[in-house]
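Beneath this line is the structure, given in structure tokens, with notes to follow.
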Amino acid sequence: MAKILMIISAADTLALADGSTHPTGYWAEEVAASHQVLVEAGHQVDIATPAGARPTVDPVSLDERGGVRPADGTAFRAYLDSIAASLDAPLDLASVRAADYDAFYLPGGHAPMADLADDPALGALLAEADRRGRVIAALCHGVAALLSATTATGAFLFAGRGLTGFTDEEERQGGLGDAAPWLVEDRLVERGAHFKAGAPWSDSVVVDGNLITGQNPQSSVTTAREVLAALKNT
């Protein structure tokens, strides 16, 4: 049995390009579907957030406003309710040690753009995890959290690595569009990542060594399964 740390944003708002505030949170499918795949494979999944704050689910991710079918929204809600004890009392991200976990999993929703993308504790954790060769997985807007990790010289830790995430086209088609404070794909490319965009809303996952990234909510299950495959090979 492996130990996996799922790191979830604690933000419930995002400052938009015009300075207004947009309600947000984690995306239900990305937490629920991923967590279920990992646990059903027999692994332990702990949850951590900045300061150990209870994370907020983005309500849009549970209904048709987010392109979620009613039956799926009901299933995601039921699963989140089943792990409420972990969500209600997550670990404090700053207290976590990379040596204690075999893999780290970063789901999205727009919330990681608000806190995880520049969280120094997360950056240090990811840098140590990468140094140890631990599996690092990020999904959709959760890939923004990778931006927290830098080298000793201030360079982006994952510069030169192949990865994917929520694309500019998807943000324009079904996300915040021009209201977004910045675009995940653009920012990662600016920092030197080799961003690989699949077709909009396709189940697309990129594996580059110990780094596993999924493009969007539709990639949740496949991303988690790639983590399982990577753990078998470690």
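By order of appearance in the structure tokens: chains A, B, ..., then residues from 1 within every chain, and ligands from 1 in the order shown.
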
Listing only residues of segment 87-203 of chain A within 8 Å of segment 35-58 of chain A, what is the closest atom pair and its distance in Å (to one decimal) for each, using only C-alpha atoms, sorted by chain and residue number ascending, as a tab-separated table?
residue	atom	partner	partner_atom	distance
A:Leu87	CA	A:Arg54	CA	6.2
A:Asp88	CA	A:Arg54	CA	5.3
A:Ala89	CA	A:Arg54	CA	6.4
A:Pro90	CA	A:Ala48	CA	4.9
A:Leu91	CA	A:Ala48	CA	4.3
A:Asp92	CA	A:Gly52	CA	3.8
A:Leu93	CA	A:Pro50	CA	5.1
A:Ala94	CA	A:Pro50	CA	7.0
A:Gly109	CA	A:Asp58	CA	7.3
A:Leu116	CA	A:Pro50	CA	7.9

**Message:** Can you tell me which residues surround Thr150 of chain A at a distance of at most 10 Å, considering only C-alpha atoms, apart from same-chain residues fewer than 3 positions away, and format the answer as number ranges by chain?
**Reply:** A: 120, 123-124, 126-127, 146-147, 153-159

Deliver the residues from the most recent selection as a file, using all heavy atoms, as a short mmCIF file (atom, residue, chain, number, x, y, z; two decimals), in the first residue's frame.
data_model
loop_
_atom_site.label_atom_id
_atom_site.label_comp_id
_atom_site.auth_asym_id
_atom_site.auth_seq_id
_atom_site.Cartn_x
_atom_site.Cartn_y
_atom_site.Cartn_z
N PRO A 120 4.74 28.95 -0.71
CA PRO A 120 6.13 28.53 -0.51
C PRO A 120 6.27 27.16 0.13
O PRO A 120 7.22 26.43 -0.19
CB PRO A 120 6.71 29.64 0.38
CG PRO A 120 5.53 30.28 1.04
CD PRO A 120 4.41 30.17 0.06
N GLY A 123 5.77 24.74 -2.63
CA GLY A 123 6.94 24.74 -3.51
C GLY A 123 8.09 23.94 -2.94
O GLY A 123 8.73 23.15 -3.66
N ALA A 124 8.36 24.10 -1.66
CA ALA A 124 9.44 23.36 -1.02
C ALA A 124 9.12 21.87 -0.99
O ALA A 124 10.01 21.02 -1.20
CB ALA A 124 9.66 23.89 0.39
N LEU A 126 7.18 20.15 -3.10
CA LEU A 126 7.30 19.58 -4.44
C LEU A 126 8.75 19.44 -4.87
O LEU A 126 9.13 18.46 -5.52
CB LEU A 126 6.53 20.43 -5.44
CG LEU A 126 5.00 20.44 -5.29
CD1 LEU A 126 4.38 21.38 -6.32
CD2 LEU A 126 4.42 19.04 -5.42
N ALA A 127 9.57 20.41 -4.51
CA ALA A 127 10.98 20.34 -4.86
C ALA A 127 11.64 19.13 -4.19
O ALA A 127 12.42 18.41 -4.82
CB ALA A 127 11.69 21.63 -4.46
N LEU A 146 1.98 23.74 -9.64
CA LEU A 146 3.38 23.41 -9.91
C LEU A 146 4.24 24.67 -9.98
O LEU A 146 5.45 24.61 -9.75
CB LEU A 146 3.49 22.64 -11.23
CG LEU A 146 2.77 21.29 -11.32
CD1 LEU A 146 2.96 20.70 -12.71
CD2 LEU A 146 3.26 20.32 -10.25
N LEU A 147 3.62 25.80 -10.30
CA LEU A 147 4.36 27.05 -10.42
C LEU A 147 5.01 27.48 -9.10
O LEU A 147 5.92 28.31 -9.09
CB LEU A 147 3.44 28.16 -10.92
CG LEU A 147 2.95 28.01 -12.36
CD1 LEU A 147 1.76 28.93 -12.61
CD2 LEU A 147 4.08 28.31 -13.34
N THR A 153 18.06 28.82 -7.95
CA THR A 153 18.31 30.06 -8.69
C THR A 153 17.02 30.80 -9.05
O THR A 153 17.06 31.84 -9.70
CB THR A 153 19.08 29.76 -9.99
OG1 THR A 153 18.29 28.90 -10.84
CG2 THR A 153 20.40 29.08 -9.68
N GLY A 154 15.88 30.24 -8.64
CA GLY A 154 14.60 30.90 -8.91
C GLY A 154 13.93 30.46 -10.19
O GLY A 154 12.86 30.96 -10.53
N ALA A 155 14.54 29.53 -10.92
CA ALA A 155 13.94 29.02 -12.15
C ALA A 155 12.78 28.08 -11.81
O ALA A 155 12.73 27.50 -10.72
CB ALA A 155 14.98 28.29 -12.99
N PHE A 156 11.86 27.93 -12.73
CA PHE A 156 10.75 27.02 -12.54
C PHE A 156 11.27 25.58 -12.48
O PHE A 156 12.00 25.13 -13.37
CB PHE A 156 9.76 27.18 -13.71
CG PHE A 156 8.57 26.28 -13.68
CD1 PHE A 156 7.90 25.99 -12.50
CD2 PHE A 156 8.08 25.73 -14.86
CE1 PHE A 156 6.79 25.16 -12.48
CE2 PHE A 156 6.95 24.92 -14.86
CZ PHE A 156 6.32 24.63 -13.67
N LEU A 157 10.92 24.87 -11.44
CA LEU A 157 11.45 23.53 -11.22
C LEU A 157 11.14 22.59 -12.38
O LEU A 157 11.95 21.71 -12.72
CB LEU A 157 10.87 22.95 -9.92
CG LEU A 157 11.36 21.56 -9.53
CD1 LEU A 157 12.85 21.59 -9.18
CD2 LEU A 157 10.56 21.02 -8.35
N PHE A 158 9.97 22.76 -12.99
CA PHE A 158 9.55 21.84 -14.05
C PHE A 158 9.77 22.41 -15.45
O PHE A 158 9.17 21.92 -16.41
CB PHE A 158 8.08 21.45 -13.83
CG PHE A 158 7.85 20.78 -12.51
CD1 PHE A 158 7.30 21.47 -11.43
CD2 PHE A 158 8.21 19.45 -12.32
CE1 PHE A 158 7.10 20.86 -10.21
CE2 PHE A 158 8.02 18.83 -11.09
CZ PHE A 158 7.47 19.53 -10.03
N ALA A 159 10.61 23.42 -15.57
CA ALA A 159 10.97 23.94 -16.89
C ALA A 159 11.63 22.82 -17.70
O ALA A 159 12.42 22.04 -17.17
CB ALA A 159 11.92 25.12 -16.75
#

**Item:** Selection: 10 Å around segment 63-70 of chain A, only C-alpha atoms, excl. self and same-chain fewer than 4 positions, as a VMD selection string
**Value:** chain A and resid 27 to 29 58 to 59 74 to 76 174 to 175

**Asked** Can you list every residue in segment 9-224 of chain A that DSSP puts in alpha helix (DSSP H), as number ranges by chain?
**Response** A: 28-40, 70-82, 84-88, 120-131, 168-174, 184-190, 220-224

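Across the model, the gap from atom CA of Tyr105 of chain A to atom CA of Met6 of chain A is 4.6 Å.
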
**Asked** Can you tell me, as a ChimeraX atom specification, what residues are no more than 12 Å from segment 22-26 of chain A when counting only C-alpha atoms, ignoring any on the same chain fewer than 4 positions away?
**Response** /A:6-18,30-32,49,54-62,66,80,87,106-116,139-142,175-176,179-181,217

**Request:** Name the residues of segment 110-222 of chain A that come out as strand (DSSP E or B) in a backbone DSSP run; write them as a ChimeraX atom specification.
**Result:** /A:135-139,150,156,162-163,194-195,205-208,211-214

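In this structure, atom CA of Ala197 of chain A sits 16.9 Å away from atom CA of Gly177 of chain A.
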
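As for atom CA of Val135 of chain A and atom CA of Ser220 of chain A, they are spaced 16.0 Å apart.
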
**Nearest to Arg132 of chain A by atom-to-atom distance, counting only C-alpha atoms, from A:Gln173, A:Asn210, A:Ser34, A:Asn216** = A:Asn210

**Fill in**
Across A:Ala149, A:Leu163, A:Ala2, A:Leu188, the smallest distance to Leu231 of chain A, with only C-alpha atoms counted, is shown by A:Ala2
